[in-house]
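Below: the structure, in C-alpha cells.
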There are 2 protein chains.
Amino acid sequence: MNRDIGLDALLAPGSVAIIGASTDPTRIGGRPIAYMRDAGFQGAILPVNPNRTEIQGLPAYPSVASMPCVPDVAIVAVPGAAAEQAVADLGARGVKAAIVFAAGFAETGADGAAAQDRLLAAARVHGMRLLGPNVLGLFNARIGFYGIFSASLETGYPLPGRIGIVSQSGAYGTHVFAAARDRRIGAPICVTTGNEADVTVGEVIGWMVRDPDTDVIAVYAEGIRCSASFMAALEAARLAHKPVVVMKVGRSERGQAAARSHTASIAGNDAVTDAVLAEFGAVRARNTEEMLDIAYLATRRIYPMRNTLGMITVSGGAGVLVSDAAETLELEMPLMPPETQARLKTLLPFAAPANPVDCTAHVFNDMSLVGQFTEAMVDEGGYSSVLAFFTHTGGAQSIAPRLRAELSRVRDRHPDRLYILSVLASPELVAQYEADGFAVFEDPTRATVAIHAMGRFGAAFARGPGSKLPAVPAIDLPDRSPDEAGAKRLLAAIGIEAAPEQSCASAEAAVAAAAALGFPVVMKILSPDIQHKSEIGGVLLDISDAAEVRAGYATLLARAKAAAPSARIDGVLVAKQLRGGVECILGIHRDPVFGPVAMFGLGGIFVEILRDVAFRRCPFGEAEAMDMISGIRGAPLLLGARGRPPADLGALGRMLSRLSVFAHRAGPRLLSVELNPVLAMPDSGGAYALDAVLELEAPP
Amino acid sequence: MNRDIGLDALLAPGSVAIIGASTDPTRIGGRPIAYMRDAGFQGAILPVNPNRTEIQGLPAYPSVASMPCVPDVAIVAVPGAAAEQAVADLGARGVKAAIVFAAGFAETGADGAAAQDRLLAAARVHGMRLLGPNVLGLFNARIGFYGIFSASLETGYPLPGRIGIVSQSGAYGTHVFAAARDRRIGAPICVTTGNEADVTVGEVIGWMVRDPDTDVIAVYAEGIRCSASFMAALEAARLAHKPVVVMKVGRSERGQAAARSHTASIAGNDAVTDAVLAEFGAVRARNTEEMLDIAYLATRRIYPMRNTLGMITVSGGAGVLVSDAAETLELEMPLMPPETQARLKTLLPFAAPANPVDCTAHVFNDMSLVGQFTEAMVDEGGYSSVLAFFTHTGGAQSIAPRLRAELSRVRDRHPDRLYILSVLASPELVAQYEADGFAVFEDPTRATVAIHAMGRFGAAFARGPGSKLPAVPAIDLPDRSPDEAGAKRLLAAIGIEAAPEQSCASAEAAVAAAAALGFPVVMKILSPDIQHKSEIGGVLLDISDAAEVRAGYATLLARAKAAAPSARIDGVLVAKQLRGGVECILGIHRDPVFGPVAMFGLGGIFVEILRDVAFRRCPFGEAEAMDMISGIRGAPLLLGARGRPPADLGALGRMLSRLSVFAHRAGPRLLSVELNPVLAMPDSGGAYALDAVLELEAPP
C-alpha cells in the first residue's frame, strides 16, 4: 500500500462527513460543523445521525450508507465500539480518510491496543487512512476545514501564514496554535496525531514539505513511532529548504516517565534524538516560545549558510547581553573593519562601532545616521544577519516613520540579509515593520537564539551528501556472543586493530607468547561466559617476565573458577601492553527507534561521570566520525593539550566509521559493541582496541 | 561623611530645580518638567534659565543663586563645564542632591576622568550627593518625580506596584521599565546610575531595602564599582526578605570587552560574581524576560524555604515539558501519595495523577473536579508551589468564572502556597486571576524558572549566619614571594600540611633526607626565582635509591642553571612521594572588585580543560568549603566513584577554609596562592599540599 495515498483527502478535503454529528455546537460532534460553517468551508458537509434529519441547518443522514455522496474524509465522533463499526462502514463506502476522536485504545493498555489493531485493520482493508484514534483532530484554515473539537478556536481562528504545526499531543498542539495566534503569527494548518495507529508525525511533515503553501514546519513530539517516515520527511524538508523546528520532550528521566504515561510512546534515548535531528538539519527548540520564535523568523526565508551577526544598538548594555548570548551559541560576531569604524566615529563621536555597534540614542538626532550605520554594517561589515536594538525608541510615533524609511532603503539594496528589530512597539507598528521586511522581537536575547537557528538551517541546506562509507566486508555473525578473542577476530576482518595478542590454552603457551610479543604484557581470562573481566579480577597488567606469566595464568584460572564456577574457560589472552596513548571508548547500541547508534567518548571519568559523549546513527563516513570526535568537550586532550603530542585522530575516525558500517550491516541481531578502552596512540601511531565486547541475540 | 545622607532627597524629593530648563518638552532640559507637570508632582518645580522668565507655565529663575527656596534635588541639564559650575553653585546653596545628565566624563578617558573628579569634589565639599554624570536619570512615579530625560515615558507612565529597578545603563534600564509596563507589571521606581561618580547601584539597592513600599528589587549591572555597599545592600535585602534579581552582563569574553568600552566599568570575573550573588541569596537572571518573570512572581511574597512543585495539567505534553525543565533546574517534583492517586483515579479514570497530575480536558466536564484535584495536591501532595496548565481553556469565558471560583476556594484555605496559572487569556481576565491571588504566565517553562527562583530566595532568607571561621594565627608575610619550602612553612603555621619533606643544600644532605623519609621520594629545585618548576624540568619523581638522589641533585642544579642562569638556588627539596589520593587544586586570587577569592577544583583536565571549579569570597568556614567541594561536576571522584575509597573530604574542607581565612587576614599584599596538587588521601588519611606557590606584592 502506498502510504502517501489519502493524506490530501485528510489534510485538504473537498468534502467531509461527521459521524455522530451533534446539534450542540460545543459538543465533540458539533464543534467541527460549527467551525466549518463559521469559517466558510466550501465543500459538502454531511452530518450523520440516526435521530435527526437536520443538524445546525444542514440536512442530516441516518447512516454512512445513506449519505448522498462519498466524502473525502469522515470525522468519527462516536465512542469506542461504534467508532470501529463506523470506520468499517466508511471504508466500504470508499471514503479515503477518517479522523477518529474516540479515546480508550492503545493508550489504555492491552485490550485497547487490540481494539486499535481492529480499527486499523478495518481501515486498511479498504485502503482508508486513519488519523488517531484518541486524537483532537486537525484544521486547515486555508480551506476552512476544521476536523477538530478543540475549544481553542472559540477565542479566535488562525491567521493566514506559511507555518504548519504538527503535534502528537492535541492539547499541546492547540496550545502552540493559540500561542502563535495570540502573537499574531500565522499558522493556518495544525495537525494532531494522537495514538498514530496509521498516520504519523513523519508523514504529516512529509505532506507539508510537498505543500507549496507551507514554508516552515513546527513539530511537537513525545516519541517517534515510525523512524523511517520521520527521517525521510526531515531529509525531504532539508532538500526542499524548508526549516523544521522540533520540540521533542521527554529529555529528562522524569520527563521520559511522564511521556510514557501520557501516550503509548517510546520516548527514545534523548541524546540519540538530538543526534538524528542534527543529522537532518532540524533544529530542536527547548520550549514553546523558542519554537515560535524560530518558526516566525524562518518565515522570512533567509537561511545564511555561514551566519555572522552584526548588531546596531542604542544601548551598550543590550550589546553586552547579545554578545554573551552569541558567544554561548557560538554565533560569530566579527568586528567591523577598522577603517569603517574610524569613518563612523567621525560621523558620530559618541559611537563605539566595533560590533556590537553602539551608536547610543544620539543617532536619532540625525536619522540619516541610522541608515549610514546600518548600510556600513551590511556593506562593509558583511554580516548575514543584522539585529537592531532600538527598544521603546523604535516604538515612538515621532521616530518610527523616519526610522522605517532609513531602514527600508538599506533593506531594498541588500534584500538577501536577515534583518531583525528589537523594539517595544504597538501591534500596528510591528505589522508595519514586518510589511517592510523586518522581523520584530521584543527581547534581544530571544532574537539572538532565533538568528542562530537560521544559520543552522542554512548550513544544513547547503550540506552535500555524507562522506563516503568505507568498504567493509560482509561479516557472518556467529550464533552466540563471542569471547574477547573472537570479538577481536571479527573486528580485525573489518580493519579494526587490537594490540598484538595471542590466545593461550596453557601457562607455557602464555610464556612463549609473552616472549614473542615482548614484555610488559597484559593477561586476561578468556571465556565467552565472562564479559566483564575486570569485575572478577580477570585482567592482570604490567606482567614483566616469564615467572610472572606462569603465576598470572594460575591466578586468572583460580579467580575465574571462584567467581563463575560454570563458565567455560578457553584459556588466557596474552597481549602486548601498549602505553602512552589516550584512552577512548567506542560503542554501538541498538536504539529501539533509530536502530544501531555509535557512541564516542574519552575513557573513564569522561564517559562515566561527565557523560561527555557523542552519538550518531549508523552508518557514517570518516568526516562524520571526525565531527563526533572533535565535538566532545574533552577533545583538546586528543588534540595535544597539556604538552602532549596529538593523538592519531585519523586512525580513530577510520575505526569509528568502520564500526558504524559494520553495525549497520550486521542487522538487528547485533545488540551492542563496546571497545573499551581504545588506545589512540600519539602522532600517526594508530588506534588499537584493547578490549572488545560484542553482544549478539541468538539467531531466530 | 555618612554616605546614606541625601538619598531620600534624590529618590523621594519634596522639591526640584532644573538647571538648563527648556521650554521644549522633548529636549533634555524640558522633558523632566513636562513629565512632572503631567504626572502631578506635588512639590515646587524651579526651572533655572538665564534667558527666560517662564518655562512650560512655571516661573523661571536666572541662576541657582536667585532661586526663591532651596530644593531637595537639582537636575543638571547643562553640558560639561557648565555642569561643574552648576554643581558648585547648588552645593553652595545647600541642595542635598544633584542629577548630572551631561556626558563627556570618565567614560571618555583620562581628561574626562579628571573632570569627573572635579565634579565629585565640588559636590562632596558641600556634602551633596551626585547621580551620574553621564546618566539618563531616575523616576519615582509614586510621587510623580521624573528626574529623567528618557523618551520611554512618552508611550506610557509606569503602573503602580512594588518592584524597584536599578540599572547602570540608562538605555537598558528604561528598556526594562518599558518592557515591564507593556507586560502590565508595576515598577514605579527606576534609577539609572551612569558613571557612578558618587551614588552606586549598591546604595540604591540599600535605599530600596529600607523603602517600605518596595518589595522586590530588579538590578541591571555591568560592573560593580563599590563592592562594600553592593554586598551590604544584598545582605540587608536578604535579612529583610526582599528578593533581589540581578542581570549582570559581561559574562562571555566578548561581553566583557563590550562592557569595558560601554562605561568605565570593571566587569570583574564572572564566576566570582556568580559566587558573590549566590552567597547573598540574590538570583541571577539570564535576560530581561527572566528578570521580569522572577520579579513579577516575587511580588506575591511567597518564598518557600524548601520548594516542591506540583503541576496540574490538561496536557500531558506540557507536563513532560515542565518535568524536563524542573529536572534541569533541580526543582523537586515529588509524586503524589499512592492513596491520593488511587482516589483521584476513581474521580476521573482518564487522569494520570502522579505529578504532573494530568487530568486531561475531561476535568472541565465537572468543574468541581478542578477544585478537588488542586486541593488534593496542596493538602496531600503538600507542594509549596502549584502550577496549573490550562492553556486557552483557562482563557475561555465559558469556563473562566467557574474555574476562578474553584481555584479561589483552594487558595483561600491554603494562602501560604504559591499558585501559578499557565493560561492564554485576555489582559482583563489575567487581571482578574491576579486579583484572586494567582500569578499568570503564558509559557509553562518560563513559569517553572520563576518558581525555582522563589525557592532559592526562600532558602537564602531562611539561612543562618555562615559556619564558624577556623582559628588561624596571624601571619607576618615576608618581604618577597617565598620559595616552595618557605611557602609551605607559612602554610604549616596555619595548619595546612605538606608531604613530609626537607630542604637540602647538598647532594649528601639530600641522600640522608631521602633515607630518613623513606623511598620513593620526589626531588624539586628550590629557588625563590623559579615559581613554575615543572616547566624547566625541575621536578623528579620516583627517586628510589641513594644513587638516584645524587644523580637527581646534579640534574636539577644543571637544569636550573640552564633555564634561569641568574636565579638564586637554595638547593633541593626532598619529599616523601605520596600515592593513592585524588589530586585537587586549591587556589586564591585577588579579585579587583571583591578581594581574595578561593578556588577549588580537581587536578589536571578538570581545571584546565573542563573549567570545573568552584569559587567563593574569603573568608569562610568549613560548611561553605564543603559546599564548594561537593558542588563541582567531578565531585563523584572524591566521593568514591569507580570503586575507589572516598577521599578525606573533611581534611580538604578544613584546608580550604583555613586557606580562605589566611587569605583574608593576609591583606592586599597577598596576590595569589596556588596549592597544586593537593593530594586528598583515601578515607581519613588527610590532605597534603604537594606544591605551594605564594605570590606577594613588595611591601609599600
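For the C-alpha cells, the naming scheme is as follows: chains receive sequential letters (A, B, ...) according to their order of presentation, residues are indexed from 1 within each chain, and ligands are indexed from 1 in presentation order.
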Sorted per-residue table, chain B near chain A, closest atoms and distance, 7 Å, only C-alpha atoms, as a tab-separated table:
```
residue	atom	partner	partner_atom	distance
B:Ala151	CA	A:Thr393	CA	6.9
B:Ser152	CA	A:His392	CA	5.8
B:Thr155	CA	A:Ala396	CA	6.9
B:Ser169	CA	A:Gly317	CA	6.2
B:Ala171	CA	A:Ser315	CA	5.1
B:Tyr172	CA	A:Gly317	CA	5.9
B:His175	CA	A:Thr391	CA	6.0
B:Ala178	CA	A:His392	CA	6.8
B:Val249	CA	A:Leu321	CA	5.8
B:Gly250	CA	A:Val320	CA	6.0
B:Arg251	CA	A:Asp324	CA	5.9
B:Ser252	CA	A:Asp324	CA	5.0
B:Arg254	CA	A:Ser323	CA	6.0
B:Gly255	CA	A:Val320	CA	4.6
B:Ala258	CA	A:Val320	CA	5.6
B:Ala259	CA	A:Val320	CA	6.1
B:His262	CA	A:Gly316	CA	5.4
B:Asn287	CA	A:Thr445	CA	6.6
B:Val314	CA	A:Ala171	CA	7.0
B:Ser315	CA	A:Ala171	CA	5.1
B:Gly316	CA	A:His262	CA	5.4
B:Gly317	CA	A:Tyr172	CA	5.9
B:Ala318	CA	A:Tyr172	CA	6.4
B:Val320	CA	A:Gly255	CA	4.7
B:Leu321	CA	A:Val249	CA	5.8
B:Ser323	CA	A:Gly255	CA	5.1
B:Asp324	CA	A:Ser252	CA	5.0
B:Glu327	CA	A:Ser252	CA	6.4
B:Thr391	CA	A:His175	CA	5.9
B:His392	CA	A:Ser152	CA	5.8
B:Thr393	CA	A:Ala151	CA	6.9
B:Ala396	CA	A:Thr155	CA	6.9
B:Thr445	CA	A:Asn287	CA	6.6
B:Ile609	CA	A:Gly634	CA	6.9
B:Gly634	CA	A:Ile609	CA	6.9
```
Check: Could you pull out the strand (DSSP E) residues of range 95-290 of chain B from DSSP and send them as a ChimeraX atom specification?
Finding: /B:97-100,129-131,137-140,145-148,163-167,189-192,216-221,244-248,283-284
At a cut-off of 10 Å, using only C-alpha atoms, what residues contact range 20-23 of chain B? Leave out same-chain residues fewer than 4 positions from it and give the result as a CSV table (one decimal) with C-alpha atoms, in the first residue's frame.
```csv
chain,number,residue,atom,x,y,z
B,27,ARG,CA,14.6,68.4,25.0
B,28,ILE,CA,16.8,67.1,27.7
B,29,GLY,CA,16.1,70.2,29.9
B,30,GLY,CA,12.4,70.1,29.0
B,31,ARG,CA,11.3,66.5,29.4
B,32,PRO,CA,11.6,66.3,33.2
B,33,ILE,CA,9.4,69.4,33.7
B,34,ALA,CA,6.8,68.1,31.2
B,46,LEU,CA,12.1,75.5,39.9
B,47,PRO,CA,13.3,76.0,36.3
B,48,VAL,CA,16.6,77.8,36.1
B,49,ASN,CA,17.5,79.5,32.8
B,50,PRO,CA,19.1,82.9,32.4
B,51,ASN,CA,17.2,83.7,29.2
B,52,ARG,CA,13.6,83.0,30.3
B,54,GLU,CA,8.7,81.5,32.3
B,55,ILE,CA,9.1,77.9,31.2
B,56,GLN,CA,6.3,75.5,30.5
B,57,GLY,CA,4.0,77.7,32.5
B,58,LEU,CA,6.2,77.9,35.5
B,60,ALA,CA,11.9,80.6,35.7
B,61,TYR,CA,14.9,81.9,37.6
B,62,PRO,CA,18.1,83.3,36.0
B,63,SER,CA,20.5,81.5,38.3
B,75,ILE,CA,18.5,68.2,37.8
B,76,VAL,CA,21.6,69.5,35.9
B,77,ALA,CA,20.8,69.5,32.2
B,78,VAL,CA,23.6,71.7,31.0
B,79,PRO,CA,26.8,70.3,29.3
B,82,ALA,CA,28.7,74.5,32.9
B,83,ALA,CA,27.6,71.3,34.8
B,86,ALA,CA,26.2,74.4,38.5
```
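If you lay chain B over chain A with a least-squares fit on the Cα atoms, the RMSD you get is 0.1 Å.
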Check: What gap, in Å, lies between CA of Met454 in chain B and CA of Cys359 in chain B?
Finding: 26.0 Å
Next item on the list: Go through A:Val597, A:Leu131, A:Ala687, A:Ala232 and flag the residue nearest Ala9 in chain A, using only C-alpha atoms for the distances.
Entry: A:Leu131
Excluding Leu407 in chain A and its own-chain neighbours fewer than 4 positions away, which residues fall within 7 Å of it when counting only C-alpha atoms? Please give them as a PDB file with C-alpha atoms, in the first residue's frame.
```pdb
ATOM      1  CA  GLY A 371      20.796  54.415   7.573  1.00  0.00           C
ATOM      2  CA  LEU A 403      13.353  55.100  11.016  1.00  0.00           C
ATOM      3  CA  ARG A 411      16.995  46.544   3.054  1.00  0.00           C
TER       4      ARG A 411
END
```
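Closest approach to Ala689 in chain B among B:Ser66, B:Ser630, B:Gln85, B:Gln577: B:Gln577, based on only C-alpha atoms.
Between Arg183 in chain B and the residues B:Ala435, B:Ala102, B:Val430, B:Ala275, the shortest atom-to-atom distance, using only C-alpha atoms, involves B:Val430.
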Next item on the list: Could you give me, as JSON, numbers by chain, each residue of range 258-371 of chain B that DSSP assigns to alpha helix (DSSP H) when run on this structure's backbone?
Entry: {"B": [258, 259, 260, 261, 262, 270, 271, 272, 273, 274, 275, 276, 277, 278, 279, 288, 289, 290, 291, 292, 293, 294, 295, 296, 297, 298, 316, 317, 318, 319, 320, 321, 322, 323, 324, 325, 326, 327, 328, 329, 338, 339, 340, 341, 342, 343, 344, 345, 346, 347, 368, 369, 370, 371]}
Note to self: Quick one: residues within 12 Å of His589 in chain B, only C-alpha atoms, excluding same-chain residues fewer than 4 positions away - as a PyMOL selection string?
What the structure shows: chain B and resi 269+272+593-600+615-618+659-660+663-664+667-675+693-696
Write out, as a compact mmCIF listing (two decimals), in the first residue's frame, the residues just selected, with C-alpha atoms.
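Final output, saved to part36.txt:
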```
# COMPACT_ATOMS: atom_id res chain seq x y z
CA ASN B 269 35.42 37.87 36.90
CA VAL B 272 33.23 35.42 41.08
CA VAL B 593 36.27 44.13 42.98
CA PHE B 594 35.66 41.57 45.72
CA GLY B 595 39.15 40.94 47.13
CA PRO B 596 40.58 37.50 47.86
CA VAL B 597 38.60 34.66 46.29
CA ALA B 598 39.20 30.96 46.86
CA MET B 599 39.01 28.38 44.12
CA PHE B 600 38.60 24.62 44.39
CA PHE B 615 34.75 29.98 43.72
CA ARG B 616 33.93 31.70 46.99
CA ARG B 617 34.83 35.01 48.51
CA CYS B 618 37.19 34.74 51.50
CA LEU B 659 43.37 28.96 53.41
CA SER B 660 40.43 31.36 52.95
CA ALA B 663 43.99 34.98 52.53
CA HIS B 664 41.52 37.35 54.16
CA GLY B 667 45.61 41.68 53.25
CA PRO B 668 46.17 43.14 49.79
CA ARG B 669 49.86 42.21 49.56
CA LEU B 670 48.82 38.57 49.01
CA LEU B 671 48.29 38.36 45.26
CA SER B 672 47.76 34.64 44.86
CA VAL B 673 48.25 31.20 46.34
CA GLU B 674 48.29 28.00 44.35
CA LEU B 675 48.38 24.60 46.01
CA VAL B 693 53.29 28.88 45.18
CA LEU B 694 52.57 32.12 47.00
CA GLU B 695 52.86 35.46 45.24
CA LEU B 696 53.31 38.61 47.28
```
